[in-house]
Amino acid sequence: MSDATVGHTSVLLDEIVGFLDLSIDSVVIDATLGFGGHSEAILQRFDGTRVIGIDQDEQALVFATERLGRFGERFQSVHSNFSDIREVAAMEKLGFADAIIADLGVSSMQLDDPERGFSFRFDAPLDMRMDTSTGETVAELLERLDETEIADLIYRYGEERKSRRIARLITERRDSGQPVQTTAELARLVEKAVGRSPKDKIHPATRTFQALRIAVNDELGILAKFINDSADLLKPNGTLCVITFHSLEDRIVKQTFQKLSGKCFCPPRIPRCVCGAVKRVETLTRKPVVPTEAEMNANPRSRSAKLRVCRKLTN
């Protein structure tokens with residue numbers, strides 16, 4: 001097993017497994033396989049259960065396949081995005097799944113790999129793509145968007161109050177013939193725009209990096225589609241578990257679960273429902289499940305994790 005795999009800790013592992021009720025012939029789709037920690041726990045806990053792991057990161061697939069190879073035909077991996085879960089199921093000739101899980105966090109391997117450009121702890125090309133084989137990098141995104149678009153993006157996805165000042169410095173640098181190309185350049189620019197106090201608990205560039213990562217991977221745009229497609233793919237009494245690490249992600253999961261549970265989001269004066277809410281699932285988590293104090297101490301990156309779970313209805 002790779003050294004990188006050994007250092008990775010899956011979040012809310014026991015909680016995920018605790019929500020599952022699987023039999024010897026059950027099929028689980030791990031829609032964001034990563035290093036395969038959740039899949040490994042499921043394969044160990046439920047004899048005979050089969051897991052199909054999806055990930056858009058080819059490097060992660062290599063590690064997970066190595067880690068889970070001992071389970072033989074009970075595990076198979078697919079290179080794809082979790083938003084394509086319907087297409088993956090069709091390709092694998094899978095009618096329905098007994099459970100679907102998704103961990104939307106960035107893996108430790110991605111954060112700690114200097115070449116991926118996810119972290120300002122390393123000076124690296126400004127990339128941040130989950131799937132390095134397709135799409136534009138963050139550097140390319142910042143060259144394409146105008147100042148207003150950059151500011152709106154950083155504010156919407158990063159909730160950064162000084163987004164306009166950051167966008168102005170990015171575009172001024174670009175217009176001078178020196179576009180931002182590396183993580184260190186962007187981090188210094190954001191720190192200049194935002195300022196930094198010794199009392200700050202997080203680096204001033206954290207929210208901006210988060211916003212750009214979400215944007216370049218369209219993480220929010222595909223989330224509601226994934227949840228709706230997963231509800232279609234679940235067998236009656238099948239379980240969907242989604243772990244988020246960002247308030248905007250959690251809001252999308254919560255509201256999509258509510259709509260699938262039959263809650264109408266139409267304005268009160270509308271005479272009949274036009275939002276399409278139909279009761280198809282039962283939400284099992286009234287409030288999101290969060291890590292224990294012990295888990296947060298052992299794995300600080302788990303602190304913002306939230307797990308929401310729903311179960312497909314039988315009718």
# chains A, B, ... in the order shown; residues from 1 in each chain; ligands from 1
>>> select_by_dssp(residues="region 164-239 of chain A", states="strand (DSSP E or B)", output="PyMOL selection string")
chain A and resi 182+234-239
>>> select_by_dssp(residues="region 40-246 of chain A", states="helix (DSSP H, G or I)", output="PyMOL selection string")
chain A and resi 40-45+58-74+82-91+108-112+114-116+138-144+147-158+163-175+183-194+206-216+223-233
>>> write_last_selection(atoms="C-alpha atoms", output="compact mmCIF listing (two decimals), in the first residue's frame")
# COMPACT_ATOMS: atom_id res chain seq x y z
CA GLU A 40 -13.04 -0.70 2.67
CA ALA A 41 -15.10 -0.42 5.86
CA ILE A 42 -18.25 -1.50 4.00
CA LEU A 43 -16.53 -4.47 2.34
CA GLN A 44 -15.13 -5.57 5.70
CA ARG A 45 -18.35 -5.11 7.64
CA GLU A 58 -7.09 8.90 -11.77
CA GLN A 59 -4.35 9.03 -9.14
CA ALA A 60 -6.88 8.31 -6.38
CA LEU A 61 -8.23 5.36 -8.37
CA VAL A 62 -4.76 3.82 -8.53
CA PHE A 63 -4.36 4.05 -4.74
CA ALA A 64 -7.88 2.78 -4.00
CA THR A 65 -7.57 -0.15 -6.40
CA GLU A 66 -4.32 -1.15 -4.71
CA ARG A 67 -5.92 -0.82 -1.29
CA LEU A 68 -9.06 -2.79 -2.12
CA GLY A 69 -7.58 -5.36 -4.48
CA ARG A 70 -7.75 -8.06 -1.82
CA PHE A 71 -11.56 -8.05 -2.10
CA GLY A 72 -11.35 -9.37 -5.65
CA GLU A 73 -14.55 -9.16 -7.71
CA ARG A 74 -16.44 -7.60 -4.82
CA PHE A 82 -20.07 11.48 -9.38
CA SER A 83 -22.57 13.55 -11.35
CA ASP A 84 -22.47 10.82 -14.02
CA ILE A 85 -23.69 8.15 -11.60
CA ARG A 86 -26.68 7.33 -13.80
CA GLU A 87 -24.43 6.70 -16.81
CA VAL A 88 -22.01 4.63 -14.73
CA ALA A 89 -24.84 2.45 -13.45
CA ALA A 90 -26.04 1.86 -17.01
CA MET A 91 -22.51 1.05 -18.20
CA SER A 108 -5.45 14.59 2.00
CA MET A 109 -3.48 13.35 -0.98
CA GLN A 110 -4.81 16.15 -3.18
CA LEU A 111 -4.20 18.81 -0.54
CA ASP A 112 -0.70 17.55 0.22
CA PRO A 114 2.30 20.25 -4.36
CA GLU A 115 1.69 19.65 -8.07
CA ARG A 116 -2.11 19.70 -7.77
CA VAL A 138 -7.84 27.96 -12.00
CA ALA A 139 -5.08 29.95 -13.71
CA GLU A 140 -6.98 29.68 -17.01
CA LEU A 141 -10.25 30.58 -15.29
CA LEU A 142 -8.71 33.76 -13.84
CA GLU A 143 -7.43 34.74 -17.28
CA ARG A 144 -10.87 34.26 -18.86
CA GLU A 147 -13.16 41.57 -12.68
CA THR A 148 -16.85 41.48 -11.75
CA GLU A 149 -17.16 37.77 -12.53
CA ILE A 150 -14.10 36.95 -10.42
CA ALA A 151 -15.40 39.03 -7.51
CA ASP A 152 -18.86 37.47 -7.66
CA LEU A 153 -17.38 33.97 -7.80
CA ILE A 154 -15.12 34.50 -4.77
CA TYR A 155 -17.96 36.06 -2.80
CA ARG A 156 -20.58 33.45 -3.73
CA TYR A 157 -18.48 30.33 -3.19
CA GLY A 158 -16.01 31.59 -0.58
CA SER A 163 -13.79 39.71 -2.94
CA ARG A 164 -13.91 42.88 -5.04
CA ARG A 165 -10.54 44.06 -3.78
CA ILE A 166 -9.06 40.62 -4.52
CA ALA A 167 -10.57 40.58 -8.01
CA ARG A 168 -9.21 44.06 -8.72
CA LEU A 169 -5.65 43.03 -7.83
CA ILE A 170 -5.95 39.83 -9.91
CA THR A 171 -7.10 41.72 -13.00
CA GLU A 172 -4.62 44.57 -12.52
CA ARG A 173 -1.79 42.06 -12.44
CA ARG A 174 -3.21 40.28 -15.50
CA ASP A 175 -3.60 43.53 -17.42
CA THR A 183 -0.50 29.19 -5.71
CA ALA A 184 2.13 31.34 -3.99
CA GLU A 185 1.39 34.29 -6.27
CA LEU A 186 -2.32 34.08 -5.57
CA ALA A 187 -1.85 33.63 -1.82
CA ARG A 188 0.40 36.71 -1.61
CA LEU A 189 -2.04 38.75 -3.67
CA VAL A 190 -5.02 37.75 -1.51
CA GLU A 191 -3.08 38.48 1.68
CA LYS A 192 -2.26 41.93 0.31
CA ALA A 193 -5.93 42.56 -0.46
CA VAL A 194 -7.38 41.15 2.75
CA THR A 206 -8.37 30.10 2.51
CA ARG A 207 -11.80 31.31 1.39
CA THR A 208 -10.55 32.41 -2.03
CA PHE A 209 -8.83 29.08 -2.70
CA GLN A 210 -11.97 27.25 -1.64
CA ALA A 211 -14.14 29.36 -3.94
CA LEU A 212 -11.90 28.83 -6.95
CA ARG A 213 -11.72 25.07 -6.34
CA ILE A 214 -15.51 24.84 -6.15
CA ALA A 215 -15.88 26.88 -9.33
CA VAL A 216 -13.33 25.09 -11.49
CA LEU A 223 -24.66 18.29 -6.53
CA ALA A 224 -28.47 18.54 -6.76
CA LYS A 225 -28.41 16.51 -9.99
CA PHE A 226 -26.35 13.81 -8.28
CA ILE A 227 -28.78 13.56 -5.36
CA ASN A 228 -31.83 13.33 -7.61
CA ASP A 229 -30.18 10.72 -9.85
CA SER A 230 -29.14 8.75 -6.76
CA ALA A 231 -32.72 8.72 -5.48
CA ASP A 232 -33.78 7.24 -8.83
CA LEU A 233 -31.09 4.55 -8.62
>>> closest_residue(among="A:Phe120, A:Glu92, A:Ile222, A:Gly36", to="Ile202 (chain A)", atoms="only C-alpha atoms")
A:Phe120
>>> residues_around(residues="region 262-268 of chain A", least_positions_apart="3", cutoff="7 Å", atoms="only C-alpha atoms", output="list in words")
Gln258, Lys259, Cys273, Val274, Cys275, Ala277, Val278 and Lys279 of chain A
>>> decode(residues="region 41-85 of chain A", atoms="N, CA and C atoms", output="compact mmCIF listing (two decimals), in the first residue's frame")
# COMPACT_ATOMS: atom_id res chain seq x y z
N ALA A 41 -14.33 -0.12 4.65
CA ALA A 41 -15.10 -0.42 5.86
C ALA A 41 -16.37 -1.18 5.52
N ILE A 42 -17.02 -0.82 4.41
CA ILE A 42 -18.25 -1.50 4.00
C ILE A 42 -17.95 -2.93 3.57
N LEU A 43 -16.90 -3.13 2.81
CA LEU A 43 -16.53 -4.47 2.34
C LEU A 43 -16.14 -5.38 3.51
N GLN A 44 -15.52 -4.79 4.52
CA GLN A 44 -15.13 -5.57 5.70
C GLN A 44 -16.33 -5.90 6.58
N ARG A 45 -17.23 -4.94 6.71
CA ARG A 45 -18.35 -5.11 7.64
C ARG A 45 -19.45 -6.02 7.07
N PHE A 46 -19.69 -5.94 5.75
CA PHE A 46 -20.82 -6.67 5.17
C PHE A 46 -20.31 -7.71 4.17
N ASP A 47 -20.23 -8.95 4.63
CA ASP A 47 -19.76 -10.04 3.77
C ASP A 47 -20.66 -10.19 2.55
N GLY A 48 -20.04 -10.34 1.40
CA GLY A 48 -20.79 -10.57 0.18
C GLY A 48 -21.26 -9.31 -0.52
N THR A 49 -21.24 -8.19 0.16
CA THR A 49 -21.64 -6.94 -0.47
C THR A 49 -20.61 -6.53 -1.52
N ARG A 50 -21.10 -5.97 -2.62
CA ARG A 50 -20.23 -5.53 -3.72
C ARG A 50 -20.22 -4.01 -3.76
N VAL A 51 -19.06 -3.41 -4.04
CA VAL A 51 -18.92 -1.96 -4.10
C VAL A 51 -18.40 -1.54 -5.47
N ILE A 52 -19.07 -0.57 -6.06
CA ILE A 52 -18.60 0.08 -7.28
C ILE A 52 -18.12 1.47 -6.88
N GLY A 53 -16.83 1.74 -7.05
CA GLY A 53 -16.25 3.01 -6.65
C GLY A 53 -16.02 3.93 -7.84
N ILE A 54 -16.52 5.16 -7.74
CA ILE A 54 -16.37 6.15 -8.81
C ILE A 54 -15.46 7.27 -8.32
N ASP A 55 -14.53 7.69 -9.17
CA ASP A 55 -13.74 8.88 -8.85
C ASP A 55 -13.22 9.48 -10.14
N GLN A 56 -13.17 10.82 -10.18
CA GLN A 56 -12.66 11.51 -11.36
C GLN A 56 -11.15 11.70 -11.31
N ASP A 57 -10.56 11.42 -10.16
CA ASP A 57 -9.11 11.57 -9.97
C ASP A 57 -8.43 10.23 -10.26
N GLU A 58 -7.72 10.17 -11.37
CA GLU A 58 -7.09 8.90 -11.77
C GLU A 58 -6.04 8.44 -10.76
N GLN A 59 -5.35 9.39 -10.13
CA GLN A 59 -4.35 9.03 -9.14
C GLN A 59 -5.01 8.37 -7.92
N ALA A 60 -6.15 8.91 -7.51
CA ALA A 60 -6.88 8.31 -6.38
C ALA A 60 -7.34 6.91 -6.72
N LEU A 61 -7.78 6.69 -7.96
CA LEU A 61 -8.23 5.36 -8.37
C LEU A 61 -7.12 4.33 -8.27
N VAL A 62 -5.90 4.74 -8.62
CA VAL A 62 -4.76 3.82 -8.53
C VAL A 62 -4.55 3.40 -7.08
N PHE A 63 -4.57 4.36 -6.16
CA PHE A 63 -4.36 4.05 -4.74
C PHE A 63 -5.48 3.17 -4.19
N ALA A 64 -6.73 3.53 -4.53
CA ALA A 64 -7.88 2.78 -4.00
C ALA A 64 -7.90 1.36 -4.54
N THR A 65 -7.58 1.20 -5.81
CA THR A 65 -7.57 -0.15 -6.40
C THR A 65 -6.51 -1.01 -5.74
N GLU A 66 -5.38 -0.42 -5.43
CA GLU A 66 -4.32 -1.15 -4.71
C GLU A 66 -4.80 -1.52 -3.31
N ARG A 67 -5.46 -0.59 -2.66
CA ARG A 67 -5.92 -0.82 -1.29
C ARG A 67 -6.99 -1.89 -1.20
N LEU A 68 -7.89 -1.92 -2.19
CA LEU A 68 -9.06 -2.79 -2.12
C LEU A 68 -8.93 -4.02 -3.01
N GLY A 69 -7.78 -4.22 -3.59
CA GLY A 69 -7.58 -5.36 -4.48
C GLY A 69 -7.82 -6.70 -3.82
N ARG A 70 -7.60 -6.78 -2.52
CA ARG A 70 -7.75 -8.06 -1.82
C ARG A 70 -9.19 -8.54 -1.78
N PHE A 71 -10.15 -7.65 -2.10
CA PHE A 71 -11.56 -8.05 -2.10
C PHE A 71 -12.00 -8.65 -3.44
N GLY A 72 -11.09 -8.71 -4.37
CA GLY A 72 -11.35 -9.37 -5.65
C GLY A 72 -12.53 -8.76 -6.39
N GLU A 73 -13.43 -9.61 -6.87
CA GLU A 73 -14.55 -9.16 -7.71
C GLU A 73 -15.62 -8.40 -6.93
N ARG A 74 -15.48 -8.36 -5.61
CA ARG A 74 -16.44 -7.60 -4.82
C ARG A 74 -16.24 -6.09 -4.97
N PHE A 75 -15.10 -5.69 -5.52
CA PHE A 75 -14.83 -4.26 -5.72
C PHE A 75 -14.42 -3.99 -7.16
N GLN A 76 -14.96 -2.92 -7.72
CA GLN A 76 -14.50 -2.46 -9.02
C GLN A 76 -14.53 -0.94 -9.04
N SER A 77 -13.61 -0.35 -9.79
CA SER A 77 -13.51 1.11 -9.84
C SER A 77 -13.83 1.62 -11.24
N VAL A 78 -14.34 2.85 -11.28
CA VAL A 78 -14.71 3.48 -12.54
C VAL A 78 -14.21 4.92 -12.54
N HIS A 79 -13.53 5.31 -13.61
CA HIS A 79 -13.06 6.69 -13.74
C HIS A 79 -14.18 7.55 -14.30
N SER A 80 -14.80 8.36 -13.44
CA SER A 80 -15.90 9.22 -13.86
C SER A 80 -16.18 10.23 -12.76
N ASN A 81 -17.04 11.19 -13.06
CA ASN A 81 -17.48 12.17 -12.07
C ASN A 81 -18.74 11.66 -11.38
N PHE A 82 -18.91 11.99 -10.11
CA PHE A 82 -20.07 11.48 -9.38
C PHE A 82 -21.40 11.96 -9.98
N SER A 83 -21.34 13.07 -10.71
CA SER A 83 -22.57 13.55 -11.35
C SER A 83 -23.02 12.63 -12.48
N ASP A 84 -22.13 11.76 -12.94
CA ASP A 84 -22.47 10.82 -14.02
C ASP A 84 -22.88 9.45 -13.48
N ILE A 85 -23.37 9.42 -12.24
CA ILE A 85 -23.69 8.15 -11.60
C ILE A 85 -24.73 7.35 -12.39
